[in-house]
Amino acid sequence: MRIAIVGAGFSGIGMAIALRRAGHTDVTVFERSSDIGGVWNHNTYPGAACDVPSYLYSFTADQRRDWTRPCSPQPEIHDYLRDVAERRGVLSSVRLNTEVASADFDETALTWTLTTADGERVTADALVLACGQLSRPRMPDLPGMGDFAGPSFHSAEWDHSVELAGKRVAVVGTGASAVQFVPEIAERAARVDVYQRTPPWILPRRNREYAPWAQAAIRRIPGMQKLRRAGMLAFMESGIASQTRVRPLALSLRAWSSWHMFRQVKDPELRRRLKPHYAIGCKRVLFTSHYLPALQRPNVELVDAPIERISEHGVVAAGGHERAIDAIVYGTGFDAHAFVAPMAVTGAGGRTLASAWAGGAEAHLGVSVAGFPNLFLLYGPNTNLGFGSIIVMVEAQMAYVVDALRRLSATGAAALDVRAEVQRASGAELQRRLRHSVWTSCRSWYREGGDGRVVNNWPGQMAEYVRRTRRVDPAEYRLLHAQAQEVPPA
């Protein structure tokens with residue numbers, strides 16, 4: 001089969017490796033950027049690192065035992081992915097600087113036609129979209145943003161040509177990226193104003209470099225890496241349970257976070273302004289031991305008044321108070337509901353994926369969408385985690401795709417399409433379970449429109465998802481022959 005993969009981050013590279021291992025040789029990975037790595041190629045801001053330990057945030061079959069610290073910095077993760085791609089022989093299958101503008105399903109040939117931004121057309125028998133949930137930076141809609149005379153940029157598009165040393169910097173947003181780069185720029189900027197809309201729940205993460213004896217033990221003691229992975233998985237699974245079905249567990253996380261803040265923030269008034277007023281886990285829980293101390297530096301100020309507008313030389317907060325600044329960094333997150341946008345995907349009957357998802361993204365097991373035969377999503381709708389390693393979820397999806405293609409080949413059919421009633425039933429089950437989760441108790445990027453149904457997160461344990469995607473159930477799919485005839489399930 002001719003298989004096209006869009007995206008060369010962890011999901012896309014991992015899928016290419018899994019397909020190669022399964023015997024597929026005609027695999028092409030399309031990547032719009034000049035290098036592989038996805039978010040670990042784009043997010044190069046100071047302090048960028050993973051908040052999941054690297055011994056878990058890595059491929060099961062490609063473990064590395066020489067990480068410099070538990071949660072590795074961006075360059076180390078990027079190097080790891082490139083090294084794996086080279087060793088597994090898939091780097092040559094990646095077409096860099098090639099953005100796929102559209103993908104259209106041919107109902108006669110039962111193939112996909114991809115059109116690149118340069119107008120090239122490529123035909124594939126199966127299409128895997130590995131675009132991720134956090135790949136499109138989201139800028140805020142603030143009056144006057146275009147009037148600002150100084151440099152401004154999103155944290156995921158960090159402008160390293162801008163020297164912030166000795167400058168007055170405004171940081172808009174206090175999410176997962178901001179809590180990493182604020183401590184870094186605070187050490188050299190003249191002043192940093194941190195504009196907070198909603199305070200995050202924070203848990204400690206010291207993330208010191210491994211001592212030489214620890215690195216030696218990890219490398220040489222049989223089973224230590226496996227034991228560490230199992231222990232961290234168990235901790236992460238308990239965190240998921242606190243958000244979904246064993247809510248009393250959240251009390252211990254809340255107490256831990258409150259103790260962490262009490263220990264690090266001595267000023268009662270600042271603690272009051274930093275205290276979240278929503279259930280822990282409803283929004284993304286952040287891991288850092290450096291952000292709260294950074295806010296107490298003499299050159300850093302937390303501003304929790306809403307931004308009224310951006311002026312030519314500063315930021316005007318509610319009440320009309322203007323603060324003069326030299327540069328703005330927007331740590332305002334990503335368009336997490338775009339999934340595959342701006343790529344236009346058209347399936348059977350001329351129906352677009354955008355119209356199919358008009359009421360919110362939905363896919364059976366986060367992988368298959370009815371009416372889009374031989375189309376597979378990685379890190380698709382409802383496969384994100386409040387706690388845990390997304391690599392566990394993605395590896396389960398990769399195995400599911402390989403099994404789907406194996407079963408397709410065994411039947412002699414050309415394509416398979418998840419049944420609409422199966423997708424509706426699985427989607428209804430997800431939303432029923434999610435109604436009892438913590439994620440429906442506040443506004444967040446996990447929900448459609450901020451307060452609609454949860455479209456990003458999985459409602460159960462990682463182990464449950466791995467179990468449910470272990471094998472494709474043939475009864476859940478229609479099998480199509482080249483003349484688009486339906487045949488009984490295999």
# chains A, B, ... in the order shown; residues from 1 in each chain; ligands from 1
>>> residues_around(residues="segment 161-166 of chain A", least_positions_apart="2", cutoff="12 Å", atoms="only C-alpha atoms", output="count of residues only")
29
>>> residues_around(residues="segment 310-314 of chain A", least_positions_apart="6", cutoff="6 Å", atoms="only C-alpha atoms", output="ChimeraX atom specification")
/A:144-145,147-149,323-325
>>> select_by_dssp(residues="segment 397-478 of chain A", states="strand (DSSP E)", output="VMD selection string")
chain A and resid 415 to 418 477 to 478
>>> write_last_selection(atoms="C-alpha atoms", output="PDB file, in the first residue's frame")
ATOM      1  CA  ALA A 415     -10.602   0.458   2.093  1.00  0.00           C
ATOM      2  CA  LEU A 416     -12.379   0.330   5.432  1.00  0.00           C
ATOM      3  CA  ASP A 417     -14.758   2.896   6.875  1.00  0.00           C
ATOM      4  CA  VAL A 418     -15.942   2.999  10.479  1.00  0.00           C
ATOM      5  CA  TYR A 477     -16.140  -1.192   9.956  1.00  0.00           C
ATOM      6  CA  ARG A 478     -17.460  -1.425   6.408  1.00  0.00           C
TER       7      ARG A 478
END
>>> atom_distance(atom1="atom CA of Lys167 of chain A", atom2="atom CA of Asp193 of chain A")
11.2 Å
>>> select_by_dssp(residues="segment 402-472 of chain A", states="helix (DSSP H, G or I)", output="mmCIF file with C-alpha atoms, in the first residue's frame")
data_model
loop_
_atom_site.group_PDB
_atom_site.id
_atom_site.type_symbol
_atom_site.label_atom_id
_atom_site.label_comp_id
_atom_site.auth_asym_id
_atom_site.auth_seq_id
_atom_site.Cartn_x
_atom_site.Cartn_y
_atom_site.Cartn_z
ATOM 1 C CA VAL A 402 -1.201 -1.325 11.743
ATOM 2 C CA ASP A 403 -3.825 -3.916 12.723
ATOM 3 C CA ALA A 404 -6.461 -2.159 10.592
ATOM 4 C CA LEU A 405 -4.204 -2.267 7.528
ATOM 5 C CA ARG A 406 -3.302 -5.894 8.204
ATOM 6 C CA ARG A 407 -6.962 -6.893 8.369
ATOM 7 C CA LEU A 408 -7.676 -4.859 5.235
ATOM 8 C CA SER A 409 -4.940 -6.673 3.345
ATOM 9 C CA ALA A 410 -6.210 -10.072 4.543
ATOM 10 C CA THR A 411 -9.701 -9.421 3.145
ATOM 11 C CA ALA A 420 -21.555 5.854 11.511
ATOM 12 C CA GLU A 421 -23.643 4.157 14.200
ATOM 13 C CA VAL A 422 -20.465 2.845 15.854
ATOM 14 C CA GLN A 423 -18.939 6.323 15.947
ATOM 15 C CA ARG A 424 -22.158 7.810 17.324
ATOM 16 C CA ALA A 425 -22.382 5.166 20.036
ATOM 17 C CA SER A 426 -18.739 5.492 21.096
ATOM 18 C CA GLY A 427 -19.017 9.291 21.065
ATOM 19 C CA ALA A 428 -22.140 9.187 23.224
ATOM 20 C CA GLU A 429 -20.409 6.839 25.666
ATOM 21 C CA LEU A 430 -17.417 9.185 25.894
ATOM 22 C CA GLN A 431 -19.544 12.226 26.609
ATOM 23 C CA ARG A 432 -21.613 10.349 29.185
ATOM 24 C CA ARG A 433 -18.460 9.431 31.067
ATOM 25 C CA LEU A 434 -16.917 12.860 30.639
ATOM 26 C CA VAL A 438 -13.577 17.396 36.552
ATOM 27 C CA TRP A 439 -13.188 18.876 33.049
ATOM 28 C CA THR A 440 -16.847 19.897 32.817
ATOM 29 C CA GLU A 448 -15.408 23.000 22.550
ATOM 30 C CA GLY A 449 -15.743 26.769 22.671
ATOM 31 C CA GLY A 450 -14.327 26.728 26.192
ATOM 32 C CA MET A 462 -4.248 4.941 29.804
ATOM 33 C CA ALA A 463 -4.395 1.186 30.396
ATOM 34 C CA GLU A 464 -8.043 1.113 29.347
ATOM 35 C CA TYR A 465 -7.273 2.933 26.102
ATOM 36 C CA VAL A 466 -4.398 0.569 25.309
ATOM 37 C CA ARG A 467 -6.714 -2.373 25.917
ATOM 38 C CA ARG A 468 -9.539 -1.001 23.758
#
>>> residues_around(residues="segment 72-76 of chain A", least_positions_apart="6", cutoff="9 Å", atoms="only C-alpha atoms", output="tab-separated table (two decimals) with C-alpha atoms, in the first residue's frame")
chain	number	residue	atom	x	y	z
A	40	TRP	CA	9.86	19.89	19.88
A	41	ASN	CA	11.11	21.52	16.71
A	43	ASN	CA	9.03	25.37	20.75
A	44	THR	CA	12.54	26.66	21.31
A	45	TYR	CA	11.75	29.26	23.98
A	47	GLY	CA	13.51	26.83	29.46
A	48	ALA	CA	11.45	24.66	27.11
A	49	ALA	CA	11.24	21.14	28.53
A	50	CYS	CA	8.80	18.27	28.89
A	51	ASP	CA	6.76	18.06	32.09
A	52	VAL	CA	6.59	14.26	31.85
A	53	PRO	CA	9.77	12.29	32.71
A	54	SER	CA	11.63	11.35	29.53
A	207	ASN	CA	14.26	18.56	37.73
>>> atom_distance(atom1="atom CA of Asp267 of chain A", atom2="atom CA of Leu251 of chain A")
23.9 Å
>>> residues_around(residues="Arg2 of chain A", least_positions_apart="2", cutoff="6 Å", atoms="only C-alpha atoms", output="list in words")
Asp26, Ala124 and Asp125 of chain A
>>> closest_residue(among="A:Gly37, A:Gly89, A:Gly175, A:Pro474", to="Arg20 of chain A", atoms="only C-alpha atoms")
A:Gly89
>>> atom_distance(atom1="atom CA of Ser33 of chain A", atom2="atom CA of Thr98 of chain A")
7.3 Å
